[in-house]
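Everything below belongs to query.cif, which stores mmCIF, N, CA and C atoms.
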```cif
data_data
#
loop_
_atom_site.group_PDB
_atom_site.id
_atom_site.type_symbol
_atom_site.label_atom_id
_atom_site.label_comp_id
_atom_site.auth_asym_id
_atom_site.auth_seq_id
_atom_site.Cartn_x
_atom_site.Cartn_y
_atom_site.Cartn_z
ATOM 1 N N MET A 216 59.643 81.364 -18.360
ATOM 2 C CA MET A 216 60.441 81.440 -17.166
ATOM 3 C C MET A 216 59.565 81.469 -15.916
ATOM 4 N N ALA A 217 58.482 82.255 -15.972
ATOM 5 C CA ALA A 217 57.567 82.334 -14.840
ATOM 6 C C ALA A 217 56.910 80.982 -14.598
ATOM 7 N N ASP A 218 56.672 80.250 -15.693
ATOM 8 C CA ASP A 218 56.066 78.913 -15.589
ATOM 9 C C ASP A 218 56.991 77.963 -14.832
ATOM 10 N N LYS A 219 58.293 78.039 -15.121
ATOM 11 C CA LYS A 219 59.275 77.191 -14.446
ATOM 12 C C LYS A 219 59.385 77.552 -12.968
ATOM 13 N N ASP A 220 59.333 78.855 -12.684
ATOM 14 C CA ASP A 220 59.396 79.296 -11.288
ATOM 15 C C ASP A 220 58.170 78.815 -10.519
ATOM 16 N N GLN A 221 57.018 78.872 -11.156
ATOM 17 C CA GLN A 221 55.774 78.404 -10.518
ATOM 18 C C GLN A 221 55.860 76.911 -10.220
ATOM 19 N N LYS A 222 56.384 76.144 -11.181
ATOM 20 C CA LYS A 222 56.526 74.704 -10.978
ATOM 21 C C LYS A 222 57.512 74.402 -9.857
ATOM 22 N N LEU A 223 58.597 75.161 -9.781
ATOM 23 C CA LEU A 223 59.570 74.965 -8.704
ATOM 24 C C LEU A 223 58.946 75.270 -7.342
ATOM 25 N N ILE A 224 58.136 76.320 -7.309
ATOM 26 C CA ILE A 224 57.449 76.684 -6.066
ATOM 27 C C ILE A 224 56.488 75.565 -5.662
ATOM 28 N N GLU A 225 55.739 75.039 -6.618
ATOM 29 C CA GLU A 225 54.807 73.945 -6.332
ATOM 30 C C GLU A 225 55.552 72.712 -5.834
ATOM 31 N N ILE A 226 56.678 72.399 -6.468
ATOM 32 C CA ILE A 226 57.481 71.245 -6.057
ATOM 33 C C ILE A 226 58.014 71.458 -4.636
ATOM 34 N N GLN A 227 58.463 72.687 -4.357
ATOM 35 C CA GLN A 227 58.983 72.994 -3.020
ATOM 36 C C GLN A 227 57.876 72.851 -1.969
ATOM 37 N N GLU A 228 56.664 73.350 -2.291
ATOM 38 C CA GLU A 228 55.539 73.239 -1.356
ATOM 39 C C GLU A 228 55.184 71.776 -1.105
ATOM 40 N N LYS A 229 55.157 70.976 -2.159
ATOM 41 C CA LYS A 229 54.854 69.550 -2.005
ATOM 42 C C LYS A 229 55.940 68.842 -1.196
ATOM 43 N N LEU A 230 57.179 69.232 -1.425
ATOM 44 C CA LEU A 230 58.294 68.661 -0.678
ATOM 45 C C LEU A 230 58.187 69.024 0.799
ATOM 46 N N ASP A 231 57.817 70.270 1.083
ATOM 47 C CA ASP A 231 57.626 70.706 2.462
ATOM 48 C C ASP A 231 56.499 69.910 3.127
ATOM 49 N N GLN A 232 55.415 69.701 2.393
ATOM 50 C CA GLN A 232 54.298 68.905 2.924
ATOM 51 C C GLN A 232 54.738 67.474 3.197
ATOM 52 N N LEU A 233 55.497 66.927 2.280
ATOM 53 C CA LEU A 233 55.992 65.565 2.427
ATOM 54 C C LEU A 233 56.903 65.439 3.651
ATOM 55 N N ILE A 234 57.778 66.397 3.825
ATOM 56 C CA ILE A 234 58.674 66.395 4.988
ATOM 57 C C ILE A 234 57.873 66.525 6.273
ATOM 58 N N SER A 235 56.873 67.392 6.253
ATOM 59 C CA SER A 235 56.015 67.567 7.429
ATOM 60 C C SER A 235 55.272 66.269 7.747
ATOM 61 N N SER A 236 54.746 65.621 6.731
ATOM 62 C CA SER A 236 54.045 64.346 6.925
ATOM 63 C C SER A 236 54.995 63.279 7.462
ATOM 64 N N TYR A 237 56.199 63.255 6.924
ATOM 65 C CA TYR A 237 57.204 62.298 7.372
ATOM 66 C C TYR A 237 57.524 62.498 8.859
ATOM 67 N N GLU A 238 57.727 63.746 9.271
ATOM 68 C CA GLU A 238 58.040 64.040 10.664
ATOM 69 C C GLU A 238 56.894 63.646 11.587
ATOM 70 N N MET A 239 55.651 63.889 11.144
ATOM 71 C CA MET A 239 54.490 63.492 11.942
ATOM 72 C C MET A 239 54.423 61.968 12.071
ATOM 73 N N CYS A 240 54.714 61.274 10.987
ATOM 74 C CA CYS A 240 54.714 59.811 11.019
ATOM 75 C C CYS A 240 55.803 59.280 11.948
ATOM 76 N N MET A 241 56.958 59.904 11.933
ATOM 77 C CA MET A 241 58.050 59.484 12.810
ATOM 78 C C MET A 241 57.678 59.680 14.275
ATOM 79 N N GLU A 242 57.036 60.796 14.601
ATOM 80 C CA GLU A 242 56.584 61.042 15.972
ATOM 81 C C GLU A 242 55.551 59.998 16.386
ATOM 82 N N ALA A 243 54.591 59.733 15.508
ATOM 83 C CA ALA A 243 53.563 58.733 15.811
ATOM 84 C C ALA A 243 54.197 57.366 15.991
ATOM 85 N N ASN A 244 55.154 57.044 15.152
ATOM 86 C CA ASN A 244 55.847 55.761 15.247
ATOM 87 C C ASN A 244 56.578 55.642 16.580
ATOM 88 N N SER A 245 57.214 56.697 16.990
ATOM 89 C CA SER A 245 57.933 56.708 18.265
ATOM 90 C C SER A 245 56.972 56.503 19.429
ATOM 91 N N MET A 246 55.847 57.203 19.381
ATOM 92 C CA MET A 246 54.843 57.053 20.445
ATOM 93 C C MET A 246 54.294 55.632 20.471
ATOM 94 N N LEU A 247 54.012 55.081 19.314
ATOM 95 C CA LEU A 247 53.481 53.723 19.248
ATOM 96 C C LEU A 247 54.506 52.698 19.719
ATOM 97 N N SER A 248 55.760 52.922 19.399
ATOM 98 C CA SER A 248 56.812 52.013 19.868
ATOM 99 C C SER A 248 56.900 52.039 21.390
ATOM 100 N N SER A 249 56.803 53.213 21.960
ATOM 101 C CA SER A 249 56.816 53.329 23.423
ATOM 102 C C SER A 249 55.609 52.613 24.030
ATOM 103 N N GLU A 250 54.470 52.791 23.414
ATOM 104 C CA GLU A 250 53.252 52.145 23.907
ATOM 105 C C GLU A 250 53.371 50.622 23.813
ATOM 106 N N ILE A 251 53.960 50.134 22.735
ATOM 107 C CA ILE A 251 54.153 48.690 22.576
ATOM 108 C C ILE A 251 55.055 48.155 23.677
ATOM 109 N N GLU A 252 56.135 48.853 23.977
ATOM 110 C CA GLU A 252 57.052 48.414 25.030
ATOM 111 C C GLU A 252 56.346 48.397 26.384
ATOM 112 N N GLU A 253 55.527 49.400 26.641
ATOM 113 C CA GLU A 253 54.781 49.455 27.897
ATOM 114 C C GLU A 253 53.804 48.288 27.991
ATOM 115 N N ILE A 254 53.126 47.993 26.905
ATOM 116 C CA ILE A 254 52.169 46.890 26.890
ATOM 117 C C ILE A 254 52.890 45.557 27.060
ATOM 118 N N LYS A 255 54.052 45.402 26.428
ATOM 119 C CA LYS A 255 54.830 44.181 26.599
ATOM 120 C C LYS A 255 55.242 43.993 28.055
ATOM 121 N N THR A 256 55.649 45.070 28.694
ATOM 122 C CA THR A 256 56.033 45.005 30.099
ATOM 123 C C THR A 256 54.846 44.589 30.958
ATOM 124 N N ARG A 257 53.698 45.196 30.706
ATOM 125 C CA ARG A 257 52.498 44.832 31.466
ATOM 126 C C ARG A 257 52.104 43.389 31.208
ATOM 127 N N LEU A 258 52.237 42.925 29.971
ATOM 128 C CA LEU A 258 51.903 41.549 29.635
ATOM 129 C C LEU A 258 52.828 40.578 30.356
ATOM 130 N N ASP A 259 54.124 40.882 30.380
ATOM 131 C CA ASP A 259 55.070 40.027 31.091
ATOM 132 C C ASP A 259 54.720 39.946 32.575
ATOM 133 N N LYS A 260 54.342 41.086 33.143
ATOM 134 C CA LYS A 260 53.954 41.119 34.558
ATOM 135 C C LYS A 260 52.711 40.272 34.787
ATOM 136 N N ARG A 261 51.734 40.399 33.903
ATOM 137 C CA ARG A 261 50.500 39.616 34.034
ATOM 138 C C ARG A 261 50.775 38.120 33.885
ATOM 139 N N ASN A 262 51.665 37.773 32.945
ATOM 140 C CA ASN A 262 52.007 36.361 32.766
ATOM 141 C C ASN A 262 52.677 35.798 34.008
ATOM 142 N N ALA A 263 53.536 36.585 34.635
ATOM 143 C CA ALA A 263 54.192 36.143 35.866
ATOM 144 C C ALA A 263 53.160 35.953 36.972
ATOM 145 N N GLU A 264 52.230 36.881 37.077
ATOM 146 C CA GLU A 264 51.158 36.754 38.077
ATOM 147 C C GLU A 264 50.312 35.517 37.806
ATOM 148 N N TYR A 265 50.014 35.288 36.527
ATOM 149 C CA TYR A 265 49.215 34.119 36.150
ATOM 150 C C TYR A 265 49.921 32.832 36.557
ATOM 151 N N GLU A 266 51.208 32.740 36.265
ATOM 152 C CA GLU A 266 51.962 31.534 36.600
ATOM 153 C C GLU A 266 51.996 31.320 38.111
ATOM 154 N N ALA A 267 52.176 32.404 38.874
ATOM 155 C CA ALA A 267 52.193 32.290 40.333
ATOM 156 C C ALA A 267 50.840 31.807 40.852
ATOM 157 N N LEU A 268 49.764 32.364 40.296
ATOM 158 C CA LEU A 268 48.424 31.939 40.726
ATOM 159 C C LEU A 268 48.147 30.495 40.309
ATOM 160 N N LYS A 269 48.640 30.113 39.151
ATOM 161 C CA LYS A 269 48.455 28.745 38.678
ATOM 162 C C LYS A 269 49.149 27.758 39.626
ATOM 163 N N GLU A 270 50.375 28.089 40.028
ATOM 164 C CA GLU A 270 51.095 27.236 40.973
ATOM 165 C C GLU A 270 50.359 27.169 42.305
ATOM 166 N N ARG A 271 49.886 28.300 42.753
ATOM 167 C CA ARG A 271 49.150 28.348 44.029
ATOM 168 C C ARG A 271 47.885 27.502 43.947
ATOM 169 N N PHE A 272 47.198 27.585 42.817
ATOM 170 C CA PHE A 272 45.977 26.801 42.622
ATOM 171 C C PHE A 272 46.282 25.312 42.671
ATOM 172 N N GLU A 273 47.344 24.896 41.988
ATOM 173 C CA GLU A 273 47.723 23.480 41.998
ATOM 174 C C GLU A 273 48.056 23.022 43.417
ATOM 175 N N THR A 274 48.755 23.863 44.155
ATOM 176 C CA THR A 274 49.098 23.527 45.539
ATOM 177 C C THR A 274 47.840 23.369 46.377
ATOM 178 N N LEU A 275 46.901 24.277 46.190
ATOM 179 C CA LEU A 275 45.646 24.193 46.943
ATOM 180 C C LEU A 275 44.856 22.943 46.561
ATOM 181 N N LYS A 276 44.878 22.584 45.280
ATOM 182 C CA LYS A 276 44.181 21.369 44.857
ATOM 183 C C LYS A 276 44.782 20.150 45.533
ATOM 184 N N VAL A 277 46.104 20.091 45.579
ATOM 185 C CA VAL A 277 46.774 18.962 46.219
ATOM 186 C C VAL A 277 46.442 18.943 47.704
ATOM 187 N N ALA A 278 46.528 20.090 48.334
ATOM 188 C CA ALA A 278 46.248 20.162 49.772
ATOM 189 C C ALA A 278 44.812 19.757 50.077
ATOM 190 N N ARG A 279 43.888 20.178 49.249
ATOM 191 C CA ARG A 279 42.488 19.857 49.474
ATOM 192 C C ARG A 279 42.228 18.364 49.237
ATOM 193 N N SER A 280 42.894 17.802 48.260
ATOM 194 C CA SER A 280 42.630 16.409 47.931
ATOM 195 C C SER A 280 43.241 15.447 48.941
ATOM 196 N N ILE A 281 44.235 15.875 49.681
ATOM 197 C CA ILE A 281 44.885 14.983 50.647
ATOM 198 C C ILE A 281 43.917 14.579 51.752
ATOM 199 N N GLY A 282 43.158 15.501 52.248
ATOM 200 C CA GLY A 282 42.317 15.222 53.395
ATOM 201 C C GLY A 282 40.934 14.674 53.082
ATOM 202 N N ASP A 283 40.524 14.632 51.836
ATOM 203 C CA ASP A 283 39.151 14.281 51.521
ATOM 204 C C ASP A 283 38.868 12.781 51.597
ATOM 205 N N THR A 284 39.359 12.040 50.663
ATOM 206 C CA THR A 284 38.992 10.625 50.523
ATOM 207 C C THR A 284 40.235 9.802 50.215
ATOM 208 N N PRO A 285 40.095 8.460 50.279
ATOM 209 C CA PRO A 285 41.234 7.618 49.889
ATOM 210 C C PRO A 285 41.651 7.864 48.431
ATOM 211 N N GLU A 286 40.671 8.114 47.556
ATOM 212 C CA GLU A 286 41.006 8.407 46.167
ATOM 213 C C GLU A 286 41.796 9.718 46.070
ATOM 214 N N GLY A 287 41.389 10.675 46.885
ATOM 215 C CA GLY A 287 42.086 11.954 46.910
ATOM 216 C C GLY A 287 43.518 11.789 47.388
ATOM 217 N N LYS A 288 43.699 10.894 48.345
ATOM 218 C CA LYS A 288 45.046 10.637 48.840
ATOM 219 C C LYS A 288 45.899 10.002 47.751
ATOM 220 N N LYS A 289 45.312 9.079 46.986
ATOM 221 C CA LYS A 289 46.050 8.454 45.895
ATOM 222 C C LYS A 289 46.423 9.498 44.844
ATOM 223 N N GLU A 290 45.474 10.365 44.546
ATOM 224 C CA GLU A 290 45.720 11.417 43.561
ATOM 225 C C GLU A 290 46.822 12.353 44.052
ATOM 226 N N ALA A 291 46.762 12.711 45.322
ATOM 227 C CA ALA A 291 47.776 13.591 45.898
ATOM 228 C C ALA A 291 49.144 12.926 45.859
ATOM 229 N N ARG A 292 49.178 11.642 46.185
ATOM 230 C CA ARG A 292 50.432 10.908 46.164
ATOM 231 C C ARG A 292 51.000 10.880 44.739
ATOM 232 N N ALA A 293 50.127 10.677 43.762
ATOM 233 C CA ALA A 293 50.567 10.654 42.366
ATOM 234 C C ALA A 293 51.109 12.018 41.944
ATOM 235 N N LYS A 294 50.443 13.086 42.373
ATOM 236 C CA LYS A 294 50.912 14.432 42.033
ATOM 237 C C LYS A 294 52.257 14.727 42.689
ATOM 238 N N ILE A 295 52.391 14.309 43.938
ATOM 239 C CA ILE A 295 53.656 14.525 44.637
ATOM 240 C C ILE A 295 54.768 13.756 43.935
ATOM 241 N N ASN A 296 54.490 12.536 43.543
ATOM 242 C CA ASN A 296 55.492 11.742 42.826
ATOM 243 C C ASN A 296 55.871 12.413 41.497
ATOM 244 N N ALA A 297 54.885 12.978 40.806
ATOM 245 C CA ALA A 297 55.164 13.668 39.546
ATOM 246 C C ALA A 297 56.052 14.881 39.792
ATOM 247 N N ILE A 298 55.781 15.604 40.865
ATOM 248 C CA ILE A 298 56.592 16.773 41.205
ATOM 249 C C ILE A 298 58.017 16.350 41.545
ATOM 250 N N VAL A 299 58.149 15.264 42.291
ATOM 251 C CA VAL A 299 59.476 14.762 42.654
ATOM 252 C C VAL A 299 60.244 14.366 41.397
ATOM 253 N N ARG A 300 59.557 13.717 40.441
ATOM 254 C CA ARG A 300 60.220 13.348 39.182
ATOM 255 C C ARG A 300 60.689 14.595 38.432
ATOM 256 N N GLU A 301 59.850 15.631 38.413
ATOM 257 C CA GLU A 301 60.240 16.879 37.756
ATOM 258 C C GLU A 301 61.480 17.483 38.413
ATOM 259 N N VAL A 302 61.490 17.486 39.729
ATOM 260 C CA VAL A 302 62.643 18.026 40.459
ATOM 261 C C VAL A 302 63.883 17.199 40.137
ATOM 262 N N ASP A 303 63.738 15.879 40.111
ATOM 263 C CA ASP A 303 64.867 15.014 39.774
ATOM 264 C C ASP A 303 65.390 15.303 38.367
ATOM 265 N N GLN A 304 64.488 15.527 37.426
ATOM 266 C CA GLN A 304 64.893 15.857 36.061
ATOM 267 C C GLN A 304 65.647 17.180 36.033
ATOM 268 N N CYS A 305 65.173 18.147 36.788
ATOM 269 C CA CYS A 305 65.841 19.459 36.842
ATOM 270 C C CYS A 305 67.242 19.310 37.433
ATOM 271 N N ILE A 306 67.345 18.530 38.475
ATOM 272 C CA ILE A 306 68.663 18.305 39.083
ATOM 273 C C ILE A 306 69.594 17.633 38.111
ATOM 274 N N ALA A 307 69.068 16.638 37.377
ATOM 275 C CA ALA A 307 69.881 15.948 36.400
ATOM 276 C C ALA A 307 70.356 16.902 35.305
ATOM 277 N N LEU A 308 69.494 17.798 34.871
ATOM 278 C CA LEU A 308 69.884 18.791 33.854
ATOM 279 C C LEU A 308 70.941 19.755 34.386
ATOM 280 N N LEU A 309 70.807 20.128 35.639
ATOM 281 C CA LEU A 309 71.779 21.037 36.231
ATOM 282 C C LEU A 309 73.139 20.375 36.398
ATOM 283 N N ASN A 310 73.156 19.075 36.608
ATOM 284 C CA ASN A 310 74.410 18.344 36.805
ATOM 285 C C ASN A 310 75.151 18.087 35.510
ATOM 286 N N ARG A 311 74.515 18.297 34.379
ATOM 287 C CA ARG A 311 75.179 18.052 33.081
ATOM 288 C C ARG A 311 76.294 19.022 32.836
#
```
Could you take the file, read its structure, and then write that structure out as structure tokens?
Amino acid sequence: MADKDQKLIEIQEKLDQLISSYEMCMEANSMLSSEIEEIKTRLDKRNAEYEALKERFETLKVARSIGDTPEGKKEARAKINAIVREVDQCIALLNR
């Protein structure tokens, strides 16, 4: 009988340890999930900044190429035409 009681006590202690470990894992998981969401938010912000800077860079390239040489003017004209085509495509998609 004492042997059975000892085994029950050991099982209860192991169960308590398991529950404690589970609760610690759940807390860590919650913290990590929060950290992931924060990092995703920061990444989205950085991507938006990158896209804005990329657009600004392209604009500066076009502006710089317009005044340099005849080749630069041709390149600028081609870029402007490409942008106009993109805008036309967007308008066409919006009209659907």
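Checking A:Val277, A:Ala243, A:Val302, A:Ala267 one by one against Lys289 of chain A, counting only C-alpha atoms, you find the shortest gap at A:Val277.
Rounded to one decimal, atom CA of Ala293 of chain A and atom CA of Thr274 of chain A lie 13.3 Å from each other.
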Once 6 Å is added on each side, what are the centre and the three edge lengths, in Å to one decimal, of the axis-aligned box enclosing the listed atoms of segment 284-294 of chain A? Present them as lines of an AutoDock Vina configuration file.
```
center_x = 45.6
center_y = 11.2
center_z = 46.3
size_x = 25.3
size_y = 19.1
size_z = 20.7
```
